[in-house]
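Enquirer: Sending over a structure as C-alpha cells; questions will come in a sec.
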Amino acid sequence: MKRIIQWGLTLFCVLTVFASCSESDDNSISLPVSIPASQSKLVTLPEGVVSKGYIMQTARIVNTIDGGVTVYEKKNVQVAFDGQDVYVSGFSTSFPESFVKGTLTNAGTCQFKSGQYVGKDKAGEKYVVGIMGTGDKAHQLTDFECSYDAEMRILTIPVEGATCAVAESVSPSQAEVSNILQSVTLMPGSFEEPAVLTLPEGLTTEQWYVTGATNNDRGLNYCMNVAFDGQDVYIQGFFKELPLTWMHGRLENGVITIEKGQLMGYYNSWQEVSFLVDNDDGKISDLKLTYDAEKGLMTSDDTACLYDLDSKSLAYAFYEIYITKKRYVVPDPTLPPAGVAVRYYRFTYTYLDPDAEEEEEVEEDVRILDEAQFVFDGNDVYLKLFTVDANGWAKGTLSSDGKTITIPSFYYIGTWSSQVIHEDYYLTAYVDKGTHYEAADIVLDYNAQDGSIRSSQQICISSSYRMIKLFAANIFGDAVFIEKKEVAATPAAPEVELNFNKLRNFLIVTLKIPLFDENGVDLLAEKLSYKLWYEKDGQPHELVFRASEQEDLDTDMVEFPYFFRTRDEFVSRGGHLEVHRPFSELLSWTKVGAQTIYRGGGEEHASAITWYDAASYYQEEGIQ
C-alpha cells in the first residue's frame, strides 16, 4: 500500500518576489568599485574606427535554483582597436551587440572597467561587471583583465593566475549577477556550422513518428525521417531540437545501435553538441532501439542526450522513446456544449505517493480539498479538474439506470504550454499490478438524490496517451465530489509566509488561499480573487503589477482571479506571482500582506489583510 501524504485543506500558492530579473549565486557581496562616469551611456566606436569579426569561446555558468550549470559556446562578436583602446561586443547576454571598452597596458594585458552600461529592457538597466574570488569572497566586483597576444590579436580571460570572470548585472556596483563568462577566448575569424552527417545519394526516406518526453516537454509528438540501406540505418530529426540533423545506426538482430559521440551540430544555435546515452548508472553508451519491422515500431529504455563536445555538460535529454510508422494525432480538447449549466463541486481526495515505500507511515490527515466542475447534458457528462491547467474537459456517459458515469481510459483533457514547458494531459484510472500499472476506464458512482459523485478507484492525470506516468499532486484515491451552492460570504483570510532564497537573491511569499468562508462554507473558486499589499513608512499600499514591466500583462493589475495564469508563468494559478522590484525597494517594505476577495450571491466581500513582519524576518536572516 502506497504512503499517503498529508496535505492541508487549502491550495498552496507561491508568490515569488525577485530582487531583480537576474539570477545570482549565494554570498553576493556589494563592494565599491571604480565606475566609469558614463555608466548609463552606451559605449560607441569612435568615428572612423571599424570593428572586425572575432570568435568568442566561453565557458558560461548559468545560475539555477539548484546551483550553476556550465555550458560551452562559440559565437561571432566584434572587436575594434583604436590605439591603446579596445572595444569588444558579446560580454552581455541580454545585449550581445553592445560594446565595452578596454585599455591595452605595457604588461601585455587589456583592462576593462567594471560596471559598463550595455542597455535597458523591461527588467531594467544592465551592466557588464567583473567578478572574482571563491568561497566567501565569491562574486566580489572588480575591474577585469584579458591577456593580449599582440601578434595573433587574441584576448583571453582570465589572465594566468587570476580568478576573474565576466558577468551581467542589474547594478554597476552590486554583485547581482547572471550568466557568468569564464575561460573566455577572443580570436579573429568567424565560425560556421560544423560538418555533420548527410544522407547518401539514392536512398529513399520514410516518415516515422516520435513520442517521448524531456524535462520541459512531456508531450513530445513529432515526425522524423528514416532510410534503410541494408544494415545501415539513417535517421533525420531524432531530436526535436535538431530537425535537420542525421544520425547513423546499424541494424543487427532486431536492434538498431546508434554509436555514441556522433557530431550533431549546434543546439540552440550556439552550443556545439554530440550524441550519447547517459543512463541512471552514469555510464556513457550507445543508443539501442528495439526494432519490430512488422509492427513498425522502435522503442528504447535509454535516455538519449546531447552533450558538449567534452561530454561534461548536458544540454538536452530525451527519454520514454517510442517511434511508430502510425502517426498519433493529438485530438482537439473536449468542451461542453454552450448554454448548458455548469455545476460546481467540492473535490476531495486522498493523495497517493507513487514513490513511497510500503513500510512508510500513513499520515492521519489525508484529504486534499480542491474544486471540480461538472456539466450534465442528457446522458453526456463533462468533468473539469483544476489540479493541472488543462484547456479541456473529460467526457463520460451516464448509465441507463443513472447510477454510474463512465469515462474512457486515457481521455485527453487538454494541454498546457508556457515559455519553457509543454504538457499534454490524459485522465485515466489505473490498477497497480506490482510490476506495472494497467489502465482502466473511470467509473464514478452517481447519487442523483444528493448530487454526490464518488469513486474508489485510483485515478491519475498522465502526460502520455499510451502509458501510465504518475506525477505528484495528480494522483487521486477515494475521490468524492459534493456539489457547492453559491452564497454571499466573506472569504477566509489567506495565510502568508516569507522566505528568502540566498542562492538567487529573491524573496518568496507563500500564500494559502482557502476555498471556504469564515464559517467553513464552500466558496466558488471562479468568484474568488486575491491581491498583495506591502507596508512602507508605516503606510499600507496595494501592489500594482504593471503591463509595461511584464510582457504577458495587457493592462496594469492589482487583483488576480484565482485561476489567472500567464504563459511565462509570471502569474500562475492560485497565487504565484513574480514581483520585479529593485532589491533596495523590497527591503524598505516593513510588512508584506495578502487579501482575498469574493463576489458571490450578488455581493462583494473582502477578507482582512494578513500581514507578515518582513522587517523582523530580514533582521533574523541577516538580510540587508
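Chain identifiers are assigned as A, B, and so on, following the order in which chains appear in the C-alpha cells; residues are numbered from 1 within each chain, and ligands are numbered from 1 in order of appearance.
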Which residues, written as a VMD selection string, have at least one atom at most 9 Å from stretch 423-429 of chain A, with only C-alpha atoms counted and residues fewer than 5 positions away on the same chain left out?

Expert: chain A and resid 216 to 220 330 388 390 394 407 to 417 438 to 443 457 to 465 468

Enquirer: Got a sec: who's within 12 Å of A:Ala195, counting only C-alpha atoms, leaving out chain neighbours fewer than 2 positions off, as a PyMOL selection string?

Expert: chain A and resi 191-193+197-198+245-246+262-266+272

Enquirer: Taking the DSSP secondary structure from the backbone, can you list the residues of stretch 363-467 of chain A that are strand (DSSP E), as JSON, numbers by chain?

Expert: {"A": [367, 368, 369, 370, 371, 372, 373, 374, 375, 376, 377, 380, 381, 382, 383, 384, 385, 394, 395, 396, 397, 398, 404, 405, 406, 407, 411, 412, 413, 414, 415, 416, 417, 422, 423, 424, 425, 426, 427, 428, 429, 430, 431, 432, 437, 438, 439, 440, 442, 443, 444, 445, 446, 453, 454, 455, 456, 457, 458, 459, 460, 461, 462]}

Enquirer: Just list the residues in stretch 441-598 of chain A DSSP gives helix (DSSP H, G or I) on the backbone, as a PyMOL selection string.

Expert: chain A and resi 525-527+583-587

Enquirer: Within 12 Å of stretch 565-587 of chain A, which residues of stretch 447-555 of chain A come that close, and what is the closest atom pair and distance in Å for each? Count only C-alpha atoms and give it as a tab-separated table.

Expert:
residue	atom	partner	partner_atom	distance
A:Pro494	CA	A:Gly575	CA	10.6
A:Glu495	CA	A:Gly575	CA	11.7
A:Val496	CA	A:Gly575	CA	11.2
A:Phe500	CA	A:Leu586	CA	11.6
A:Arg504	CA	A:Phe583	CA	11.8
A:Asn505	CA	A:Phe583	CA	8.5
A:Phe506	CA	A:Phe583	CA	8.2
A:Leu507	CA	A:Leu586	CA	8.6
A:Ile508	CA	A:Glu578	CA	8.9
A:Val509	CA	A:His576	CA	8.7
A:Thr510	CA	A:His576	CA	8.2
A:Leu511	CA	A:Gly575	CA	6.9
A:Lys512	CA	A:Gly575	CA	8.6
A:Ile513	CA	A:Gly574	CA	7.4
A:Pro514	CA	A:Gly574	CA	10.1
A:Leu515	CA	A:Gly574	CA	10.5
A:Ala525	CA	A:Gly574	CA	9.3
A:Glu526	CA	A:Gly574	CA	10.6
A:Leu528	CA	A:Gly574	CA	9.6
A:Ser529	CA	A:Gly574	CA	8.5
A:Tyr530	CA	A:Gly575	CA	7.6
A:Lys531	CA	A:Gly575	CA	8.8
A:Leu532	CA	A:Gly575	CA	9.5
A:Trp533	CA	A:Val579	CA	11.8
A:Tyr534	CA	A:Leu586	CA	9.3
A:Glu535	CA	A:Leu586	CA	10.4
A:Lys536	CA	A:Glu585	CA	9.4
A:Asp537	CA	A:Leu587	CA	11.6
A:Leu543	CA	A:Val579	CA	9.1
A:Val544	CA	A:Val579	CA	9.5
A:Phe545	CA	A:Val579	CA	7.7
A:Arg546	CA	A:His580	CA	10.0
A:Ala547	CA	A:Phe570	CA	11.7
A:Ser548	CA	A:His580	CA	11.6
A:Glu549	CA	A:His580	CA	8.0
A:Gln550	CA	A:Phe570	CA	7.9
A:Glu551	CA	A:Asp568	CA	8.5
A:Asp552	CA	A:Thr566	CA	6.1
A:Leu553	CA	A:Thr566	CA	7.9
A:Asp554	CA	A:Thr566	CA	10.6

Enquirer: Using only C-alpha atoms, which residue out of A:Lys295, A:Lys485, A:Lys52, A:Lys325 lies closest to A:Gln78?

Expert: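 Looking only at the distances to A:Gln78, the closest residue turns out to be A:Lys52.
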
Enquirer: Separation of atom CA of A:Asp301 and atom CA of A:Gly230, in Å?

Expert: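 Separating atom CA of A:Asp301 from atom CA of A:Gly230 is a distance of 24.9 Å.
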